[in-house]
$ cat my_file-v9.cif   # mmCIF, C-alpha atoms and all ligand atoms
data_run
#
loop_
_atom_site.label_atom_id
_atom_site.label_comp_id
_atom_site.auth_asym_id
_atom_site.auth_seq_id
_atom_site.Cartn_x
_atom_site.Cartn_y
_atom_site.Cartn_z
CA MET F 70 0.00 0.00 0.00
CA ALA F 71 1.27 3.47 -0.86
CA PRO F 72 2.11 5.59 2.19
CA VAL F 73 -0.69 7.90 3.27
CA THR F 74 -0.10 11.60 3.82
CA LEU F 75 -0.90 12.59 7.40
CA LEU F 76 0.02 16.25 7.24
CA SER F 77 1.01 18.56 4.43
CA THR F 78 1.73 22.23 3.95
CA HIS F 79 1.44 24.27 0.77
CA GLY F 80 3.28 27.55 0.35
CA LEU F 81 3.43 27.98 4.12
CA SER F 82 5.03 31.28 5.11
CA LYS F 83 5.48 33.34 8.26
CA SER F 84 7.11 36.72 8.53
CA PHE F 85 7.85 38.71 11.65
CA GLY F 86 7.91 42.30 10.43
CA GLY F 87 10.42 42.27 7.60
CA LEU F 88 11.92 38.92 8.57
CA GLN F 89 10.78 35.89 6.53
CA ALA F 90 11.13 33.17 9.18
CA VAL F 91 9.35 30.49 7.08
CA GLN F 92 9.16 30.91 3.32
CA ASN F 93 6.84 29.09 0.95
CA VAL F 94 7.29 25.65 2.51
CA ASP F 95 5.74 22.63 0.78
CA PHE F 96 5.94 19.71 3.16
CA ASP F 97 4.51 16.22 3.17
CA LEU F 98 4.55 13.89 6.17
CA LYS F 99 3.57 10.22 5.80
CA THR F 100 1.60 8.31 8.43
CA GLY F 101 3.92 6.27 10.65
CA GLU F 102 7.23 7.85 9.71
CA ILE F 103 9.83 9.49 11.92
CA ARG F 104 10.76 12.76 10.23
CA ALA F 105 13.60 14.94 11.41
CA ILE F 106 13.81 18.65 10.68
CA ILE F 107 17.34 19.99 10.76
CA GLY F 108 18.94 23.30 9.92
CA PRO F 109 21.15 26.00 11.39
CA ASN F 110 20.03 28.15 14.31
CA GLY F 111 17.45 30.66 13.17
CA ALA F 112 16.51 28.57 10.11
CA GLY F 113 12.83 28.68 11.07
CA LYS F 114 12.41 25.18 12.54
CA THR F 115 10.58 26.23 15.72
CA THR F 116 8.49 28.73 13.76
CA PHE F 117 7.52 26.01 11.27
CA VAL F 118 6.31 23.55 13.92
CA SER F 119 4.61 26.38 15.82
CA LEU F 120 2.58 26.97 12.66
CA LEU F 121 1.68 23.28 12.57
CA SER F 122 0.58 23.24 16.22
CA GLY F 123 -1.41 26.46 15.84
CA ARG F 124 0.63 28.38 18.39
CA ILE F 125 1.14 31.07 15.73
CA GLU F 126 -0.74 31.91 12.53
CA PRO F 127 0.84 31.84 9.08
CA THR F 128 1.21 34.94 6.96
CA SER F 129 0.12 32.83 3.98
CA GLY F 130 -0.21 29.23 2.89
CA GLN F 131 -2.15 26.19 3.94
CA ILE F 132 -1.87 23.27 6.38
CA ARG F 133 -3.79 20.02 5.87
CA PHE F 134 -4.15 17.20 8.40
CA GLU F 135 -5.78 13.91 7.42
CA GLY F 136 -6.97 15.58 4.25
CA ALA F 137 -8.77 18.48 5.96
CA ASP F 138 -7.69 22.13 5.95
CA ILE F 139 -6.71 23.03 9.55
CA THR F 140 -5.00 26.34 8.73
CA GLY F 141 -7.62 28.34 10.63
CA ASP F 142 -8.03 25.93 13.55
CA PRO F 143 -7.00 27.17 16.98
CA ALA F 144 -4.37 25.13 18.83
CA PHE F 145 -6.83 23.33 21.14
CA ARG F 146 -8.80 22.00 18.18
CA ARG F 147 -5.61 20.68 16.57
CA VAL F 148 -4.82 18.89 19.84
CA ARG F 149 -8.26 17.28 19.71
CA LYS F 150 -7.59 16.22 16.13
CA GLY F 151 -4.44 14.47 17.30
CA ILE F 152 -1.53 16.91 16.99
CA ALA F 153 0.61 17.13 20.14
CA TYR F 154 3.59 19.40 20.58
CA THR F 155 6.37 19.73 23.13
CA PHE F 156 8.18 23.03 23.44
CA GLN F 157 11.86 23.67 22.82
CA ILE F 158 11.93 25.33 26.24
CA THR F 159 10.93 23.11 29.15
CA SER F 160 7.35 23.89 30.01
CA VAL F 161 6.15 21.66 32.84
CA TYR F 162 4.23 23.12 35.79
CA PRO F 163 6.94 23.05 38.48
CA LYS F 164 4.58 23.19 41.49
CA LEU F 165 2.48 20.25 40.30
CA SER F 166 3.48 16.62 40.64
CA ALA F 167 4.57 14.63 37.59
CA ALA F 168 1.22 12.82 37.66
CA GLU F 169 -0.74 16.07 37.90
CA ASN F 170 1.13 17.49 34.91
CA VAL F 171 0.28 14.44 32.82
CA ALA F 172 -3.32 14.31 34.10
CA LEU F 173 -3.86 17.87 32.87
CA ALA F 174 -2.80 16.81 29.40
CA ALA F 175 -4.73 13.50 29.52
CA GLN F 176 -7.84 15.45 30.44
CA SER F 177 -7.82 17.21 27.06
CA ALA F 178 -7.64 13.86 25.28
CA LEU F 179 -10.62 12.57 27.27
CA GLN F 180 -12.54 15.75 26.52
CA ARG F 181 -11.81 15.07 22.87
CA ASP F 182 -13.56 11.71 23.20
CA SER F 183 -16.44 12.70 25.48
CA GLY F 184 -17.12 16.23 24.23
CA ILE F 185 -16.13 19.35 26.08
CA LEU F 186 -19.04 19.12 28.54
CA GLY F 187 -18.90 15.38 29.04
CA ARG F 188 -17.97 14.08 32.50
CA ILE F 189 -14.45 12.80 32.75
CA ASP F 190 -14.05 9.32 34.17
CA GLN F 191 -11.47 9.76 36.96
CA THR F 192 -10.44 6.10 36.90
CA LEU F 193 -9.77 6.31 33.19
CA LEU F 194 -7.87 9.56 33.69
CA ALA F 195 -5.62 7.92 36.32
CA GLU F 196 -5.05 4.93 34.03
CA LYS F 197 -4.05 7.09 31.08
CA THR F 198 -1.80 9.19 33.31
CA ASP F 199 -0.04 6.13 34.72
CA ALA F 200 0.32 4.59 31.26
CA ALA F 201 1.97 7.73 29.86
CA LEU F 202 4.34 8.03 32.84
CA ALA F 203 5.25 4.35 32.59
CA ARG F 204 5.92 4.63 28.88
CA VAL F 205 8.63 7.25 29.43
CA GLY F 206 10.02 5.45 32.49
CA LEU F 207 8.79 7.89 35.14
CA ALA F 208 6.29 5.62 36.93
CA ASP F 209 8.24 5.81 40.20
CA ARG F 210 8.37 9.63 40.07
CA ARG F 211 4.64 10.16 39.76
CA GLN F 212 4.34 12.06 43.08
CA THR F 213 7.51 14.13 42.64
CA LEU F 214 6.94 17.84 42.03
CA ALA F 215 7.90 18.50 38.42
CA GLY F 216 10.20 21.35 39.53
CA ASN F 217 12.16 18.87 41.68
CA LEU F 218 12.75 16.40 38.84
CA ALA F 219 16.19 16.25 37.24
CA TYR F 220 16.35 18.15 33.93
CA GLY F 221 16.38 14.98 31.82
CA HIS F 222 13.33 13.72 33.70
CA GLN F 223 11.50 17.01 33.10
CA ARG F 224 12.05 16.52 29.37
CA LEU F 225 10.67 12.99 29.62
CA LEU F 226 7.71 14.35 31.56
CA GLU F 227 6.97 16.68 28.67
CA VAL F 228 6.98 13.72 26.31
CA ALA F 229 4.60 11.90 28.68
CA MET F 230 2.31 14.95 28.58
CA GLY F 231 2.34 14.73 24.79
CA LEU F 232 1.68 10.98 24.85
CA ALA F 233 -1.22 11.44 27.27
CA LEU F 234 -2.98 13.27 24.45
CA GLU F 235 -2.85 10.00 22.50
CA PRO F 236 -1.66 11.90 19.46
CA LYS F 237 -1.60 10.79 15.87
CA LEU F 238 1.30 13.19 15.38
CA LEU F 239 3.83 14.00 18.10
CA ILE F 240 6.05 17.03 17.44
CA LEU F 241 9.23 17.26 19.52
CA ASP F 242 11.32 20.45 19.44
CA GLU F 243 14.95 19.67 20.30
CA PRO F 244 14.06 17.07 22.91
CA THR F 245 17.65 15.88 23.48
CA GLN F 246 19.08 19.34 24.13
CA GLY F 247 20.93 19.26 27.45
CA LEU F 248 20.66 15.49 27.91
CA SER F 249 23.60 13.23 28.80
CA ASP F 250 24.76 10.50 26.37
CA GLY F 251 23.00 7.84 28.42
CA GLU F 252 19.79 9.86 28.50
CA ILE F 253 20.02 10.35 24.73
CA ASP F 254 20.30 6.56 24.17
CA ASN F 255 17.27 6.06 26.37
CA PHE F 256 15.43 8.80 24.49
CA CYS F 257 16.15 7.25 21.08
CA ALA F 258 14.65 3.95 22.26
CA LEU F 259 11.61 5.86 23.50
CA VAL F 260 11.07 7.61 20.16
CA LYS F 261 11.28 4.26 18.34
CA ASP F 262 8.64 2.95 20.70
CA ILE F 263 6.41 6.00 20.23
CA ALA F 264 6.66 5.60 16.46
CA ARG F 265 4.82 2.28 16.75
CA THR F 266 1.64 4.21 17.56
CA ALA F 267 2.21 7.75 16.26
CA THR F 268 3.91 9.68 13.50
CA VAL F 269 6.87 11.62 14.92
CA LEU F 270 8.18 14.99 13.76
CA LEU F 271 11.43 15.78 15.48
CA ILE F 272 13.54 18.93 15.41
CA GLU F 273 17.00 17.76 16.31
CA HIS F 274 20.50 19.21 16.34
CA ASN F 275 22.34 16.06 17.30
CA MET F 276 23.25 14.50 13.92
CA PRO F 277 23.99 10.98 15.24
CA VAL F 278 20.50 11.01 16.80
CA VAL F 279 18.98 12.18 13.51
CA MET F 280 20.78 9.51 11.50
CA ARG F 281 19.76 6.83 14.00
CA LEU F 282 16.09 7.74 14.23
CA ALA F 283 14.86 9.44 11.10
CA ASP F 284 13.17 7.66 8.20
CA SER F 285 13.47 10.93 6.30
CA ILE F 286 14.91 14.39 6.85
CA THR F 287 13.84 17.88 5.86
CA VAL F 288 16.53 20.56 5.88
CA LEU F 289 15.49 24.15 6.47
CA ASN F 290 17.78 27.05 5.69
CA TYR F 291 16.75 30.72 5.90
CA GLY F 292 13.14 29.58 6.26
CA GLU F 293 13.15 27.55 3.05
CA VAL F 294 13.33 23.84 2.36
CA LEU F 295 16.88 23.24 1.19
CA ALA F 296 16.49 19.47 0.76
CA SER F 297 14.28 16.58 1.77
CA GLY F 298 15.04 12.87 1.61
CA THR F 299 16.44 9.78 3.27
CA PRO F 300 19.30 10.16 5.77
CA ASP F 301 21.76 8.79 3.19
CA ALA F 302 20.57 11.18 0.48
CA ILE F 303 20.72 14.16 2.85
CA ARG F 304 24.19 13.22 4.07
CA ALA F 305 25.42 13.08 0.46
CA ASP F 306 23.69 16.29 -0.67
CA PRO F 307 26.33 18.94 -1.54
CA ALA F 308 23.99 21.86 -0.81
CA VAL F 309 23.24 20.45 2.63
CA GLN F 310 26.90 19.86 3.32
CA ALA F 311 27.73 23.43 2.34
CA ALA F 312 24.92 25.00 4.35
CA TYR F 313 24.86 22.84 7.39
CA LEU F 314 26.73 19.61 7.85
CA GLY F 315 30.10 21.11 7.01
CA ALA F 316 29.56 23.85 9.55
CA ALA F 317 28.27 21.56 12.29
N1 LIG F 401 8.07 35.81 17.79
C1 LIG F 401 9.06 36.23 17.00
N2 LIG F 401 9.20 37.54 16.70
C2 LIG F 401 10.20 37.97 15.87
N3 LIG F 401 11.09 37.16 15.30
C3 LIG F 401 11.01 35.84 15.57
C4 LIG F 401 10.00 35.30 16.44
N4 LIG F 401 10.17 33.95 16.51
C5 LIG F 401 11.24 33.67 15.75
N5 LIG F 401 11.75 34.79 15.19
C6 LIG F 401 12.89 34.85 14.25
O1 LIG F 401 12.60 33.96 13.18
C7 LIG F 401 13.79 33.28 12.77
C8 LIG F 401 13.56 31.79 12.90
O2 LIG F 401 13.51 31.46 14.29
P1 LIG F 401 13.23 29.99 14.81
O3 LIG F 401 12.03 29.47 14.11
O4 LIG F 401 13.19 30.03 16.28
O5 LIG F 401 14.53 29.22 14.28
P2 LIG F 401 15.15 27.80 14.71
O6 LIG F 401 14.15 27.09 15.58
O7 LIG F 401 15.42 27.10 13.41
O8 LIG F 401 16.43 28.09 15.44
C9 LIG F 401 14.91 33.81 13.64
O9 LIG F 401 15.56 34.83 12.93
C10 LIG F 401 14.19 34.35 14.85
O10 LIG F 401 14.91 35.38 15.46
MG MG F 402 14.22 26.36 17.49
#
$ encode --input "my_file-v9.cif" --output "structure tokens"
Amino acid sequence: MAPVTLLSTHGLSKSFGGLQAVQNVDFDLKTGEIRAIIGPNGAGKTTFVSLLSGRIEPTSGQIRFEGADITGDPAFRRVRKGIAYTFQITSVYPKLSAAENVALAAQSALQRDSGILGRIDQTLLAEKTDAALARVGLADRRQTLAGNLAYGHQRLLEVAMGLALEPKLLILDEPTQGLSDGEIDNFCALVKDIARTATVLLIEHNMPVVMRLADSITVLNYGEVLASGTPDAIRADPAVQAAYLGAA
């Protein structure tokens, strides 16, 4: 069976004043793949995925998810449709426990299923929370205040919050930044596991991680797609080498 497009963009652009942060991006993500987005600092990677999640609005262009135009959808509606996003900057609620952080996220997924006014089944909420924490390996930290977790564990907690939404698409913005080598190995195994149930879009600076995880890679440079292809094709691409890999 031919791969099915989960998300696509057409001519997607975002400018901040005179700065073209994302320029005319045509992008096509297949269901089930792990896609990495790479590119130098300031290339527009975070801006691009912020457009996908609905955190910011495009200047022009279109975003489609499962065939439907979601360009005008607010962020919460995209979450309900199955798009989850973790921020480049750690964004857990420090005064809440790990479990409370995840439960807040899981609640939105349950509201998606039961309607915004439907009653939320507390047992189901606890089950989903525990499942998400267990999946990232934080089951024994469920009562720890998020602010007291080690940095690497806070990043895993964010992933658990994304997983609690039971997303079809999980977007991770530089999730391995600041992690130790051991934590990165653990994280790579986690992403492989997540990819069994969701499509993964990963912004990543660490090239060994990209080459290990990605089925395909999109390279952004000055807000534009410089190249897109398999890890081997990207590694061999002279334009990519000149713009990025050579400088890394
Ligand atoms: N909210 C904003 N207001 C103004 N400029 C922004 C804003 N967000 C990002 N930019 C600019 O857009 C460009 C792309 O930024 P970003 O998407 O964060 O790049 P990357 O994630 O690839 O490092 C940069 O020049 C950045 O300074
Ligand atoms: Mg960024």
$ closest_residue --input "my_file-v9.cif" --among "F:Ala264, F:Leu289, F:Cys257, F:Ala195" --to "ligand LIG 401 (chain F)" --atoms "all atoms listed in the file"
F:Leu289
$ closest_residue --input "my_file-v9.cif" --among "F:Ser84, F:Gln223, F:Asn290, F:Gln310" --to "Gly108 in chain F" --atoms "only C-alpha atoms"
F:Asn290
$ atom_distance --input "my_file-v9.cif" --atom1 "atom C10 of ligand LIG 401 (chain F)" --atom2 "CA of Glu293 in chain F"
13.7 Å
$ residues_near_ligand --input "my_file-v9.cif" --ligand "ligand MG 402 (chain F)" --cutoff "7 Å" --atoms "only C-alpha atoms and all ligand atoms" --output "MDAnalysis selection string"
chainID F and resid 110:111 113:115 157 242
$ closest_residue --input "my_file-v9.cif" --among "F:Gly123, F:Gly206, F:Gly292, F:Gly101" --to "ligand LIG 401 (chain F)" --atoms "all atoms listed in the file"
F:Gly292
$ residues_around --input "my_file-v9.cif" --residues "range 141-150 of chain F" --least-positions-apart "5" --cutoff "12 Å" --atoms "only C-alpha atoms" --output "MDAnalysis selection string"
chainID F and resid 75:76 118:136 155 174:185 230:240
$ closest_residue --input "my_file-v9.cif" --among "F:Thr299, F:Gln246, F:Gln92, F:Asn170" --to "Gly80 in chain F" --atoms "only C-alpha atoms"
F:Gln92
$ atom_distance --input "my_file-v9.cif" --atom1 "CA of Leu295 in chain F" --atom2 "CA of Pro109 in chain F"
11.4 Å
$ atom_distance --input "my_file-v9.cif" --atom1 "CA of Leu207 in chain F" --atom2 "CA of Ala168 in chain F"
9.4 Å
$ axis_aligned_box --input "my_file-v9.cif" --around "range 129-138 of chain F" --padding-each-side "6 Å" --output "JSON"
{"center_x": -4.3, "center_y": 23.4, "center_z": 5.6, "size_x": 20.9, "size_y": 30.9, "size_z": 17.5}
$ residues_around --input "my_file-v9.cif" --residues "Asn255 in chain F" --least-positions-apart "2" --cutoff "12 Å" --atoms "only C-alpha atoms" --output "list in words"
Arg204, Val205, Gly206, Gly221, His222, Leu225, Pro244, Thr245, Leu248, Ser249, Asp250, Gly251, Glu252, Ile253, Cys257, Ala258, Leu259, Val260, Lys261, Asp262 and Val278 of chain F
$ closest_residue --input "my_file-v9.cif" --among "F:Tyr162, F:Arg211, F:Leu271, F:Ala112" --to "ligand LIG 401 (chain F)" --atoms "all atoms listed in the file"
F:Ala112
